[in-house]
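Below: entry_22.txt (compact mmCIF, C-alpha atoms)
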```txt
# COMPACT_ATOMS: atom_id res chain seq x y z
CA MET A 30 -83.16 111.44 -102.09
CA LYS A 31 -83.04 108.17 -103.98
CA LEU A 32 -81.61 105.16 -102.15
CA GLU A 33 -78.08 105.37 -103.56
CA THR A 34 -77.84 109.09 -102.74
CA LEU A 35 -79.30 108.61 -99.26
CA ALA A 36 -76.82 105.83 -98.51
CA ILE A 37 -73.93 108.19 -99.28
CA HIS A 38 -75.20 111.44 -97.75
CA GLY A 39 -77.78 110.42 -95.16
CA GLY A 40 -75.29 109.52 -92.41
CA ASN A 41 -73.03 112.54 -92.82
CA ILE A 42 -73.78 115.08 -90.08
CA VAL A 43 -70.90 117.56 -89.76
CA SER A 44 -70.78 120.12 -86.94
CA ASP A 45 -67.00 120.66 -86.92
CA SER A 46 -66.03 124.29 -87.61
CA GLU A 47 -63.50 123.15 -90.24
CA ASN A 48 -66.34 121.60 -92.26
CA PRO A 49 -64.70 118.26 -93.13
CA VAL A 50 -66.31 116.36 -95.99
CA ILE A 51 -66.79 113.28 -93.78
CA GLN A 52 -68.21 113.36 -90.24
CA PRO A 53 -65.48 113.16 -87.56
CA ILE A 54 -65.39 110.39 -84.96
CA THR A 55 -66.45 111.71 -81.54
CA LEU A 56 -64.90 109.51 -78.86
CA SER A 57 -65.85 111.62 -75.85
CA THR A 58 -68.05 109.77 -73.37
CA THR A 59 -69.45 112.99 -71.87
CA PHE A 60 -70.50 116.43 -73.10
CA VAL A 61 -70.59 119.96 -71.64
CA HIS A 62 -73.99 120.82 -70.18
CA GLN A 63 -75.74 123.26 -72.49
CA PRO A 64 -79.25 123.63 -73.94
CA ASP A 65 -80.30 120.65 -76.10
CA SER A 66 -76.86 119.07 -75.88
CA MET A 67 -75.98 115.41 -75.60
CA ILE A 68 -75.10 114.42 -72.04
CA TYR A 69 -73.50 110.98 -71.96
CA SER A 70 -72.42 108.67 -74.77
CA ARG A 71 -74.47 105.67 -73.60
CA ALA A 72 -77.59 107.79 -74.16
CA ASN A 73 -76.43 109.36 -77.40
CA ASN A 74 -73.35 110.18 -79.42
CA PRO A 75 -72.91 112.21 -82.65
CA ASN A 76 -71.80 109.17 -84.64
CA ARG A 77 -74.64 107.01 -83.34
CA HIS A 78 -77.12 109.80 -84.03
CA ALA A 79 -75.88 109.96 -87.62
CA LEU A 80 -76.10 106.18 -88.03
CA GLU A 81 -79.62 106.02 -86.58
CA ARG A 82 -80.82 108.84 -88.80
CA LEU A 83 -79.37 107.03 -91.81
CA LEU A 84 -80.98 103.70 -90.87
CA ALA A 85 -84.40 105.32 -90.34
CA GLY A 86 -84.13 106.93 -93.77
CA LEU A 87 -83.11 103.73 -95.54
CA GLU A 88 -85.98 101.74 -94.02
CA LYS A 89 -88.45 104.66 -94.39
CA GLY A 90 -89.17 104.71 -90.66
CA ALA A 91 -89.74 107.35 -88.00
CA ASP A 92 -86.77 106.46 -85.77
CA ALA A 93 -83.99 103.93 -85.32
CA ALA A 94 -81.98 102.44 -82.46
CA ALA A 95 -78.49 101.05 -82.94
CA PHE A 96 -77.15 98.19 -80.81
CA SER A 97 -73.86 96.42 -80.23
CA SER A 98 -75.04 93.24 -82.01
CA GLY A 99 -77.97 91.82 -83.93
CA ASN A 100 -78.90 89.65 -80.97
CA ALA A 101 -78.92 92.70 -78.68
CA ALA A 102 -81.35 94.38 -81.07
CA GLY A 103 -83.70 91.40 -81.21
CA VAL A 104 -83.54 90.81 -77.46
CA ALA A 105 -84.42 94.48 -76.87
CA VAL A 106 -87.79 93.89 -78.55
CA PHE A 107 -88.44 90.89 -76.32
CA GLN A 108 -87.39 92.85 -73.23
CA ALA A 109 -89.87 95.59 -74.08
CA LEU A 110 -92.78 93.12 -73.88
CA GLU A 111 -94.71 92.77 -70.65
CA PRO A 112 -93.90 89.60 -68.66
CA GLY A 113 -96.36 86.85 -69.52
CA SER A 114 -96.74 88.06 -73.12
CA HIS A 115 -97.01 85.51 -75.90
CA LEU A 116 -95.14 85.78 -79.18
CA ILE A 117 -95.34 83.92 -82.48
CA ALA A 118 -92.10 83.26 -84.35
CA PRO A 119 -90.85 81.18 -87.31
CA ASP A 120 -90.08 77.52 -86.75
CA ASP A 121 -86.82 78.12 -88.68
CA MET A 122 -86.00 81.35 -86.83
CA TYR A 123 -82.36 82.40 -86.64
CA HIS A 124 -81.02 80.08 -83.96
CA GLY A 125 -79.35 82.83 -81.88
CA LEU A 126 -82.62 84.67 -81.29
CA LYS A 127 -84.61 81.46 -80.90
CA ASN A 128 -82.18 80.31 -78.22
CA ALA A 129 -82.56 83.68 -76.48
CA ILE A 130 -86.35 83.25 -76.36
CA LEU A 131 -86.07 79.71 -75.01
CA SER A 132 -83.34 80.40 -72.44
CA ILE A 133 -83.14 84.06 -71.40
CA PHE A 134 -86.92 84.52 -71.48
CA LYS A 135 -87.87 81.09 -70.16
CA GLY A 136 -90.63 81.62 -67.61
CA VAL A 137 -90.96 85.29 -68.66
CA LEU A 138 -92.45 85.08 -72.15
CA GLU A 139 -94.46 82.41 -73.95
CA ALA A 140 -93.62 81.47 -77.52
CA THR A 141 -95.11 79.43 -80.35
CA PHE A 142 -92.97 78.56 -83.36
CA VAL A 143 -94.83 77.97 -86.62
CA ASP A 144 -94.27 77.83 -90.36
CA MET A 145 -94.67 81.52 -91.19
CA THR A 146 -95.40 80.71 -94.84
CA ASP A 147 -98.71 79.12 -93.73
CA LEU A 148 -101.17 81.86 -92.75
CA GLU A 149 -103.56 79.35 -91.21
CA GLN A 150 -100.84 78.17 -88.84
CA VAL A 151 -100.03 81.77 -87.94
CA GLU A 152 -103.65 82.64 -87.26
CA SER A 153 -104.29 79.52 -85.19
CA ALA A 154 -101.24 80.32 -83.02
CA PHE A 155 -102.73 83.55 -81.66
CA ARG A 156 -103.73 83.64 -78.00
CA PRO A 157 -105.44 86.35 -75.94
CA ASN A 158 -102.01 87.42 -74.64
CA THR A 159 -100.22 87.46 -78.02
CA GLN A 160 -98.35 90.75 -78.23
CA LEU A 161 -95.74 90.14 -80.90
CA VAL A 162 -95.38 88.34 -84.22
CA TRP A 163 -91.83 87.92 -85.50
CA VAL A 164 -91.10 87.20 -89.16
CA GLU A 165 -87.80 86.56 -90.90
CA THR A 166 -87.91 86.74 -94.65
CA PRO A 167 -85.96 85.42 -96.45
CA SER A 168 -85.32 83.05 -93.57
CA ASN A 169 -82.02 81.63 -92.37
CA PRO A 170 -80.95 79.11 -93.68
CA LEU A 171 -83.90 77.70 -95.66
CA LEU A 172 -84.67 80.94 -97.50
CA LYS A 173 -88.40 80.66 -96.79
CA ILE A 174 -90.51 83.63 -97.87
CA THR A 175 -93.22 85.09 -95.62
CA ASP A 176 -95.95 87.28 -97.10
CA ILE A 177 -95.28 90.35 -94.96
CA ALA A 178 -98.40 92.27 -96.00
CA ALA A 179 -100.69 89.29 -95.28
CA VAL A 180 -99.15 88.64 -91.86
CA ALA A 181 -99.25 92.39 -91.13
CA LYS A 182 -102.99 92.53 -91.79
CA LEU A 183 -103.60 89.51 -89.59
CA THR A 184 -101.40 90.93 -86.82
CA LYS A 185 -103.09 94.33 -86.95
CA ASP A 186 -106.53 92.72 -86.73
CA LYS A 187 -105.35 90.90 -83.59
CA GLY A 188 -103.91 94.07 -82.04
CA ALA A 189 -100.32 92.77 -81.95
CA ILE A 190 -96.94 94.13 -83.04
CA LEU A 191 -95.23 92.81 -86.18
CA ALA A 192 -91.43 92.77 -86.20
CA CYS A 193 -89.51 91.72 -89.32
CA ASP A 194 -85.89 90.58 -89.49
CA ASN A 195 -84.77 92.18 -92.76
CA THR A 196 -81.10 91.20 -92.52
CA PHE A 197 -80.96 89.03 -95.66
CA ALA A 198 -82.87 91.42 -97.93
CA THR A 199 -81.66 94.78 -96.58
CA PRO A 200 -83.61 97.96 -97.41
CA VAL A 201 -82.06 97.80 -100.87
CA PHE A 202 -84.39 94.92 -101.77
CA GLN A 203 -87.23 95.09 -99.21
CA ASN A 204 -88.96 97.67 -96.99
CA PRO A 205 -91.14 95.80 -94.45
CA LEU A 206 -92.47 99.00 -92.86
CA GLU A 207 -94.14 99.89 -96.16
CA LEU A 208 -95.73 96.44 -96.16
CA GLY A 209 -97.28 96.91 -92.70
CA ALA A 210 -94.57 95.83 -90.25
CA THR A 211 -94.26 97.78 -86.99
CA ILE A 212 -90.53 97.31 -86.43
CA VAL A 213 -87.66 96.18 -88.65
CA MET A 214 -84.59 94.43 -87.21
CA HIS A 215 -81.13 94.04 -88.73
CA SER A 216 -77.91 92.36 -87.81
CA SER A 217 -75.76 95.22 -89.10
CA THR A 218 -72.78 92.89 -88.75
CA LYS A 219 -73.88 91.43 -92.07
CA TYR A 220 -74.59 93.48 -95.21
CA PHE A 221 -74.61 96.90 -93.53
CA GLY A 222 -71.04 96.33 -92.36
CA GLY A 223 -70.28 94.37 -95.49
CA HIS A 224 -66.65 93.52 -94.72
CA SER A 225 -66.86 91.03 -91.82
CA ASP A 226 -65.20 93.46 -89.39
CA ILE A 227 -68.01 95.28 -87.54
CA LEU A 228 -70.41 93.86 -84.95
CA GLY A 229 -73.77 95.60 -84.66
CA GLY A 230 -77.54 95.49 -84.72
CA ALA A 231 -80.40 97.86 -85.43
CA LEU A 232 -84.11 98.40 -84.98
CA ILE A 233 -86.21 100.80 -87.04
CA THR A 234 -89.80 101.72 -86.18
CA ARG A 235 -92.69 102.88 -88.33
CA GLU A 236 -93.96 105.13 -85.52
CA ALA A 237 -92.33 106.54 -82.40
CA ASP A 238 -95.12 105.15 -80.21
CA GLU A 239 -95.33 103.90 -76.63
CA PHE A 240 -93.83 100.51 -77.42
CA TRP A 241 -90.94 102.16 -79.22
CA GLU A 242 -90.22 104.25 -76.13
CA LYS A 243 -89.91 100.99 -74.19
CA VAL A 244 -87.44 99.69 -76.78
CA LYS A 245 -85.40 102.89 -76.55
CA ASN A 246 -85.42 102.59 -72.77
CA VAL A 247 -83.95 99.08 -73.09
CA GLN A 248 -81.31 100.42 -75.49
CA ILE A 249 -80.21 103.30 -73.24
CA GLY A 250 -80.83 101.69 -69.86
CA GLY A 251 -79.38 98.33 -70.87
CA GLY A 252 -76.45 100.01 -72.56
CA ALA A 253 -75.82 97.48 -75.35
CA VAL A 254 -74.89 100.29 -77.75
CA PRO A 255 -72.24 100.38 -80.48
CA SER A 256 -69.05 102.39 -80.06
CA PRO A 257 -68.59 105.69 -81.94
CA MET A 258 -65.95 103.95 -84.08
CA ASP A 259 -68.36 101.16 -85.05
CA CYS A 260 -71.07 103.71 -85.88
CA TYR A 261 -68.63 105.67 -88.04
CA TYR A 262 -67.53 102.56 -89.93
CA LEU A 263 -71.13 101.42 -90.45
CA CYS A 264 -72.03 104.79 -91.98
CA ARG A 265 -68.98 104.47 -94.21
CA SER A 266 -69.84 100.91 -95.27
CA ILE A 267 -73.46 101.75 -96.00
CA LYS A 268 -72.31 104.25 -98.62
CA THR A 269 -71.62 101.29 -100.93
CA LEU A 270 -74.52 99.09 -99.75
CA PRO A 271 -76.83 99.56 -102.78
CA TYR A 272 -74.10 98.64 -105.24
CA ARG A 273 -72.73 95.77 -103.17
CA MET A 274 -76.21 94.26 -102.86
CA LYS A 275 -76.73 94.38 -106.61
CA GLY A 276 -73.48 92.47 -107.09
CA HIS A 277 -74.29 89.92 -104.39
CA ALA A 278 -77.73 89.25 -105.89
CA GLU A 279 -76.42 88.98 -109.45
CA HIS A 280 -73.80 86.41 -108.42
CA ALA A 281 -76.22 84.46 -106.22
CA MET A 282 -78.72 84.11 -109.06
CA VAL A 283 -76.09 82.67 -111.40
CA LEU A 284 -74.75 80.25 -108.77
CA ALA A 285 -78.28 79.15 -107.84
CA ASN A 286 -79.03 78.32 -111.48
CA PHE A 287 -75.73 76.44 -111.81
CA LEU A 288 -76.33 74.39 -108.67
CA SER A 289 -79.95 73.62 -109.56
CA HIS A 290 -78.76 71.76 -112.68
CA HIS A 291 -75.87 69.90 -111.05
CA ASP A 292 -76.24 66.14 -110.59
CA ARG A 293 -74.47 66.19 -107.20
CA VAL A 294 -77.01 68.65 -105.78
CA GLU A 295 -80.28 67.42 -104.31
CA LYS A 296 -82.05 70.77 -103.91
CA VAL A 297 -81.38 74.51 -104.05
CA TYR A 298 -83.03 77.10 -101.80
CA TYR A 299 -83.05 80.55 -103.41
CA PRO A 300 -86.17 82.71 -103.87
CA GLY A 301 -84.97 83.95 -107.24
CA LEU A 302 -85.52 80.48 -108.74
CA LYS A 303 -88.95 80.16 -110.32
CA ASP A 304 -89.52 76.74 -108.74
CA HIS A 305 -88.99 78.14 -105.23
CA PRO A 306 -92.37 77.91 -103.41
CA GLY A 307 -92.13 81.54 -102.31
CA HIS A 308 -90.90 82.95 -105.62
CA MET A 309 -94.04 84.89 -106.54
CA ILE A 310 -94.43 86.41 -103.07
CA ALA A 311 -90.76 87.39 -103.09
CA ALA A 312 -91.09 88.90 -106.55
CA ASN A 313 -94.03 91.00 -105.31
CA GLN A 314 -92.46 92.30 -102.09
CA MET A 315 -88.77 92.40 -103.01
CA THR A 316 -86.89 94.24 -105.74
CA GLY A 317 -84.03 91.69 -105.66
CA PHE A 318 -83.57 88.23 -104.19
CA GLY A 319 -80.45 88.77 -102.08
CA GLY A 320 -77.00 87.24 -101.87
CA VAL A 321 -77.58 84.13 -99.74
CA LEU A 322 -78.51 80.67 -100.98
CA SER A 323 -78.51 77.17 -99.54
CA PHE A 324 -78.31 73.77 -101.19
CA LEU A 325 -78.45 70.11 -100.25
CA VAL A 326 -75.56 67.89 -101.31
CA LYS A 327 -76.40 64.31 -102.24
CA ASP A 328 -75.02 61.52 -99.99
CA GLY A 329 -75.30 63.34 -96.68
CA ALA A 330 -73.26 65.44 -94.28
CA ASP A 331 -69.89 63.81 -95.02
CA ALA A 332 -70.26 64.56 -98.71
CA ALA A 333 -71.17 68.15 -97.90
CA ASP A 334 -68.06 68.48 -95.73
CA ARG A 335 -65.91 67.12 -98.54
CA VAL A 336 -67.28 69.69 -100.97
CA ILE A 337 -66.49 72.52 -98.55
CA SER A 338 -62.97 71.20 -97.92
CA LYS A 339 -62.09 71.39 -101.62
CA LEU A 340 -63.06 75.05 -102.12
CA LYS A 341 -60.43 77.76 -102.63
CA TYR A 342 -62.41 81.00 -102.77
CA PHE A 343 -65.27 80.19 -100.40
CA THR A 344 -64.16 80.53 -96.77
CA ASN A 345 -65.58 77.93 -94.36
CA ALA A 346 -66.86 80.31 -91.68
CA THR A 347 -70.01 81.46 -89.92
CA SER A 348 -71.72 84.77 -90.78
CA LEU A 349 -72.64 86.35 -94.08
CA GLY A 350 -72.85 89.62 -95.97
CA GLY A 351 -69.14 90.30 -96.48
CA VAL A 352 -67.50 91.03 -99.82
CA GLU A 353 -65.81 87.61 -99.57
CA SER A 354 -67.78 84.43 -100.16
CA LEU A 355 -68.49 82.44 -96.98
CA ILE A 356 -69.75 78.87 -96.81
CA GLU A 357 -70.64 76.44 -94.06
CA ARG A 358 -72.55 73.27 -93.34
CA ARG A 359 -75.12 75.10 -91.31
CA ALA A 360 -76.31 72.26 -89.04
CA ALA A 361 -72.76 71.80 -87.74
CA SER A 362 -72.81 75.41 -86.50
CA GLU A 363 -76.30 75.32 -85.01
CA GLY A 364 -75.69 72.38 -82.68
CA PRO A 365 -77.47 69.13 -81.79
CA ASP A 366 -80.99 70.61 -81.56
CA THR A 367 -80.96 72.02 -85.08
CA LEU A 368 -83.81 71.33 -87.49
CA THR A 369 -81.61 72.20 -90.46
CA PRO A 370 -80.82 69.24 -92.75
CA GLN A 371 -77.37 67.84 -92.01
CA ASN A 372 -76.38 67.98 -95.70
CA LEU A 373 -77.39 71.63 -96.16
CA ILE A 374 -74.68 74.07 -97.19
CA ARG A 375 -75.37 77.79 -96.77
CA VAL A 376 -73.50 80.19 -99.04
CA SER A 377 -73.05 83.92 -98.63
CA VAL A 378 -72.14 84.76 -102.19
CA GLY A 379 -69.39 87.37 -102.36
CA LEU A 380 -68.10 89.82 -104.92
CA GLU A 381 -65.16 87.86 -106.29
CA HIS A 382 -65.12 87.40 -110.06
CA LEU A 383 -68.11 85.27 -110.98
CA TYR A 384 -66.09 82.87 -113.16
CA ASP A 385 -63.71 82.12 -110.27
CA LEU A 386 -66.65 81.25 -108.01
CA LEU A 387 -68.29 79.04 -110.64
CA GLU A 388 -65.05 77.21 -111.44
CA ASP A 389 -64.34 76.71 -107.72
CA LEU A 390 -67.78 75.19 -107.08
CA GLU A 391 -67.61 73.00 -110.18
CA ASP A 392 -64.25 71.56 -109.12
CA ALA A 393 -65.41 70.96 -105.54
CA LEU A 394 -68.52 69.10 -106.65
CA LYS A 395 -66.62 66.61 -108.84
```
Translate this file's structure into structure tokens.
Amino acid sequence: MKLETLAIHGGNIVSDSENPVIQPITLSTTFVHQPDSMIYSRANNPNRHALERLLAGLEKGADAAAFSSGNAAGVAVFQALEPGSHLIAPDDMYHGLKNAILSIFKGVLEATFVDMTDLEQVESAFRPNTQLVWVETPSNPLLKITDIAAVAKLTKDKGAILACDNTFATPVFQNPLELGATIVMHSSTKYFGGHSDILGGALITREADEFWEKVKNVQIGGGAVPSPMDCYYLCRSIKTLPYRMKGHAEHAMVLANFLSHHDRVEKVYYPGLKDHPGHMIAANQMTGFGGVLSFLVKDGADAADRVISKLKYFTNATSLGGVESLIERRAASEGPDTLTPQNLIRVSVGLEHLYDLLEDLEDALK
């Protein structure tokens, strides 16, 4: 099946005798003992099984594990590492997962944060106990691009695992497993859900190997799994994912070009722009540049706040990936230890009419 067909049909497993067109929601927490049956909903559930099969198909992997949040998914990878393991991660890593490494795993795991766009920095960060390399591309919120295939080769040569946060690109625009990654991570709260009303996370593996069994053990034993209702709604939302992503990317490209020529804007971060330092790598490993962009407003944080306050169709809120446009001064959300420029505005470009979004931004920047 092609991607659009898979998105619609791949998560639809119907066992009901009435043969409904759409898979029913199975709320039961327990199941009758019988050969090859599910036993308890924390371990498995028909709706979660359908979602995981769909996710594995979209990312072209061997298996998938669904979680109750993106952070739960990322933390499950860290929990599956042996105590004392070293990991390499981006210096601009999503702050929620970076905070988890530095707080929850303090004294348990070692970590080095580097610029993942610089292969020499990545290589020099390896230690004898390095077990995991984590990449996030495009990154949040600076939209940096990591060469997945190059980092994958380096990681394989060192005998480590490569995990890639593919939340911004989604499998519509990027398949890290085909580029050599071991595991792909998603915050399914974002584009998979697509409507800012479902919390979830996911991991997809290239091979169902020994490390993957450890991850699955964390999922089932830890119990941070999504509800049947959330799994059902994610399968439903993913049916429109390919077409939503095309709209998000089309709008983001136009807004990025508009902002890059505006005299109130200092700099625009979007890999679709030809002057973006990672443009050529992105063009080689992605089929679209995504729906998120960031830009720096001249005259500092106060000026950025004023721009946001004037907007009508961009909602000042955290998160991304919904059909509505969201905007925020990112450093204000990340806290006092952030490395994000104080005048940086991150935009999750929605599916409103393009002219409304352009007019709104133009008025706010006056």
For Asn41 of chain A, the nearest of the candidates A:Phe60, A:Tyr262, A:Phe107, A:Phe134, counting only C-alpha atoms: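 So, comparing all the options, the nearest one is A:Tyr262.
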Could you check the closest approach to Ala95 of chain A for each of A:Thr159, A:Asn372, A:Thr234, A:Asn204 and tell me which residue wins, using all atoms listed in the file? A:Thr234
Nearby residues (all atoms listed in the file) at most 7 Å from Gln52 of chain A, same-chain spacing under 2 positions excluded, as an MDAnalysis selection string: chainID A and resid 41:43 49:50 54
Excluding same-chain residues fewer than 4 positions from Thr55 of chain A, what lies within 10 Å of it counting all atoms listed in the file, as a list in words? Ser70, Asn74, Pro75, Asn76, Arg77, Ser256, Pro257, Met258 and Tyr261 of chain A
Dump as a PDB file with C-alpha atoms, in the frame of the given file all residues having an atom at most 8 Å from (-98.7, 88.6, -90.7), computed in the file's coordinates with all atoms listed in the file.
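Final output, saved to selection-v7.pdb:
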```pdb
ATOM      1  CA  LEU A 148    -101.170  81.860 -92.750  1.00  0.00           C
ATOM      2  CA  VAL A 151    -100.030  81.770 -87.940  1.00  0.00           C
ATOM      3  CA  VAL A 162     -95.380  88.340 -84.220  1.00  0.00           C
ATOM      4  CA  VAL A 164     -91.100  87.200 -89.160  1.00  0.00           C
ATOM      5  CA  ASP A 176     -95.950  87.280 -97.100  1.00  0.00           C
ATOM      6  CA  ILE A 177     -95.280  90.350 -94.960  1.00  0.00           C
ATOM      7  CA  ALA A 178     -98.400  92.270 -96.000  1.00  0.00           C
ATOM      8  CA  ALA A 179    -100.690  89.290 -95.280  1.00  0.00           C
ATOM      9  CA  VAL A 180     -99.150  88.640 -91.860  1.00  0.00           C
ATOM     10  CA  ALA A 181     -99.250  92.390 -91.130  1.00  0.00           C
ATOM     11  CA  LYS A 182    -102.990  92.530 -91.790  1.00  0.00           C
ATOM     12  CA  LEU A 183    -103.600  89.510 -89.590  1.00  0.00           C
ATOM     13  CA  THR A 184    -101.400  90.930 -86.820  1.00  0.00           C
ATOM     14  CA  LEU A 191     -95.230  92.810 -86.180  1.00  0.00           C
TER      15      LEU A 191
END
```
Polymer residues at most 12 Å from (-83.4, 73.7, -89.8) by only C-alpha atoms, as a PyMOL selection string: chain A and resi 119-124+127+144+168-173+323+358-375
Please list as a PDB file with C-alpha atoms, in the frame of the given file every residue within 10 Å of Pro157 of chain A, counting all atoms listed in the file and excluding residues in the same chain fewer than 4 positions away.
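Written output follows (result02.pdb):
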```pdb
ATOM      1  CA  SER A 114     -96.740  88.060 -73.120  1.00  0.00           C
ATOM      2  CA  HIS A 115     -97.010  85.510 -75.900  1.00  0.00           C
ATOM      3  CA  LYS A 187    -105.350  90.900 -83.590  1.00  0.00           C
ATOM      4  CA  GLY A 188    -103.910  94.070 -82.040  1.00  0.00           C
TER       5      GLY A 188
END
```
Give me the residues near segment 278-290 of chain A as an NGL selection string, where near means some atom within 10 Å (using all atoms listed in the file) and where sequence neighbours in that chain fewer than 4 positions away do not count. :A and (198 or 202 or 273-274 or 294-302 or 317-326 or 376-384 or 386-387 or 390-391 or 394)
Okay, now the selection with C-alpha atoms, as a PDB file, keeping the file's coordinate frame?
```pdb
ATOM      1  CA  ALA A 198     -82.870  91.420 -97.930  1.00  0.00           C
ATOM      2  CA  PHE A 202     -84.390  94.920-101.770  1.00  0.00           C
ATOM      3  CA  ARG A 273     -72.730  95.770-103.170  1.00  0.00           C
ATOM      4  CA  MET A 274     -76.210  94.260-102.860  1.00  0.00           C
ATOM      5  CA  VAL A 294     -77.010  68.650-105.780  1.00  0.00           C
ATOM      6  CA  GLU A 295     -80.280  67.420-104.310  1.00  0.00           C
ATOM      7  CA  LYS A 296     -82.050  70.770-103.910  1.00  0.00           C
ATOM      8  CA  VAL A 297     -81.380  74.510-104.050  1.00  0.00           C
ATOM      9  CA  TYR A 298     -83.030  77.100-101.800  1.00  0.00           C
ATOM     10  CA  TYR A 299     -83.050  80.550-103.410  1.00  0.00           C
ATOM     11  CA  PRO A 300     -86.170  82.710-103.870  1.00  0.00           C
ATOM     12  CA  GLY A 301     -84.970  83.950-107.240  1.00  0.00           C
ATOM     13  CA  LEU A 302     -85.520  80.480-108.740  1.00  0.00           C
ATOM     14  CA  GLY A 317     -84.030  91.690-105.660  1.00  0.00           C
ATOM     15  CA  PHE A 318     -83.570  88.230-104.190  1.00  0.00           C
ATOM     16  CA  GLY A 319     -80.450  88.770-102.080  1.00  0.00           C
ATOM     17  CA  GLY A 320     -77.000  87.240-101.870  1.00  0.00           C
ATOM     18  CA  VAL A 321     -77.580  84.130 -99.740  1.00  0.00           C
ATOM     19  CA  LEU A 322     -78.510  80.670-100.980  1.00  0.00           C
ATOM     20  CA  SER A 323     -78.510  77.170 -99.540  1.00  0.00           C
ATOM     21  CA  PHE A 324     -78.310  73.770-101.190  1.00  0.00           C
ATOM     22  CA  LEU A 325     -78.450  70.110-100.250  1.00  0.00           C
ATOM     23  CA  VAL A 326     -75.560  67.890-101.310  1.00  0.00           C
ATOM     24  CA  VAL A 376     -73.500  80.190 -99.040  1.00  0.00           C
ATOM     25  CA  SER A 377     -73.050  83.920 -98.630  1.00  0.00           C
ATOM     26  CA  VAL A 378     -72.140  84.760-102.190  1.00  0.00           C
ATOM     27  CA  GLY A 379     -69.390  87.370-102.360  1.00  0.00           C
ATOM     28  CA  LEU A 380     -68.100  89.820-104.920  1.00  0.00           C
ATOM     29  CA  GLU A 381     -65.160  87.860-106.290  1.00  0.00           C
ATOM     30  CA  HIS A 382     -65.120  87.400-110.060  1.00  0.00           C
ATOM     31  CA  LEU A 383     -68.110  85.270-110.980  1.00  0.00           C
ATOM     32  CA  TYR A 384     -66.090  82.870-113.160  1.00  0.00           C
ATOM     33  CA  LEU A 386     -66.650  81.250-108.010  1.00  0.00           C
ATOM     34  CA  LEU A 387     -68.290  79.040-110.640  1.00  0.00           C
ATOM     35  CA  LEU A 390     -67.780  75.190-107.080  1.00  0.00           C
ATOM     36  CA  GLU A 391     -67.610  73.000-110.180  1.00  0.00           C
ATOM     37  CA  LEU A 394     -68.520  69.100-106.650  1.00  0.00           C
TER      38      LEU A 394
END
```
Rank nothing, just name the residue among A:Asn128, A:Cys260, A:Ile212, A:Thr141 nearest to Ala85 of chain A, using only C-alpha atoms.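 Between A:Asn128, A:Cys260, A:Ile212, A:Thr141, the residue approaching Ala85 of chain A most closely is A:Ile212.
Minimum atom-to-atom distances from A:His215, A:Arg335, A:Lys341, A:His308 to Thr146 of chain A were compared using only C-alpha atoms, and the lowest value belongs to A:His308.
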Separation of atom CA of Leu228 of chain A and atom CA of Ser98 of chain A, in Å?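 Taking atom CA of Leu228 of chain A as the start and atom CA of Ser98 of chain A as the end point, the length is 5.5 Å.
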Exercise: Gly99 of chain A partners within 7 Å, all atoms listed in the file, chain neighbours under 4 positions left out, as a ChimeraX atom specification: /A:103,215-217,229-231
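Interatomic distance, atom CA of Arg293 of chain A against atom CA of Gly329 of chain A: 10.9 Å.
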Rounded to one decimal, what separation in Å do you get between atom CA of Ala192 of chain A and atom CA of Glu165 of chain A?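 Between atom CA of Ala192 of chain A and atom CA of Glu165 of chain A the gap is 8.6 Å.
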Which is closest to Lys339 of chain A among A:Lys268, A:Lys395, A:Lys275, A:Lys243, if we use only C-alpha atoms? A:Lys395
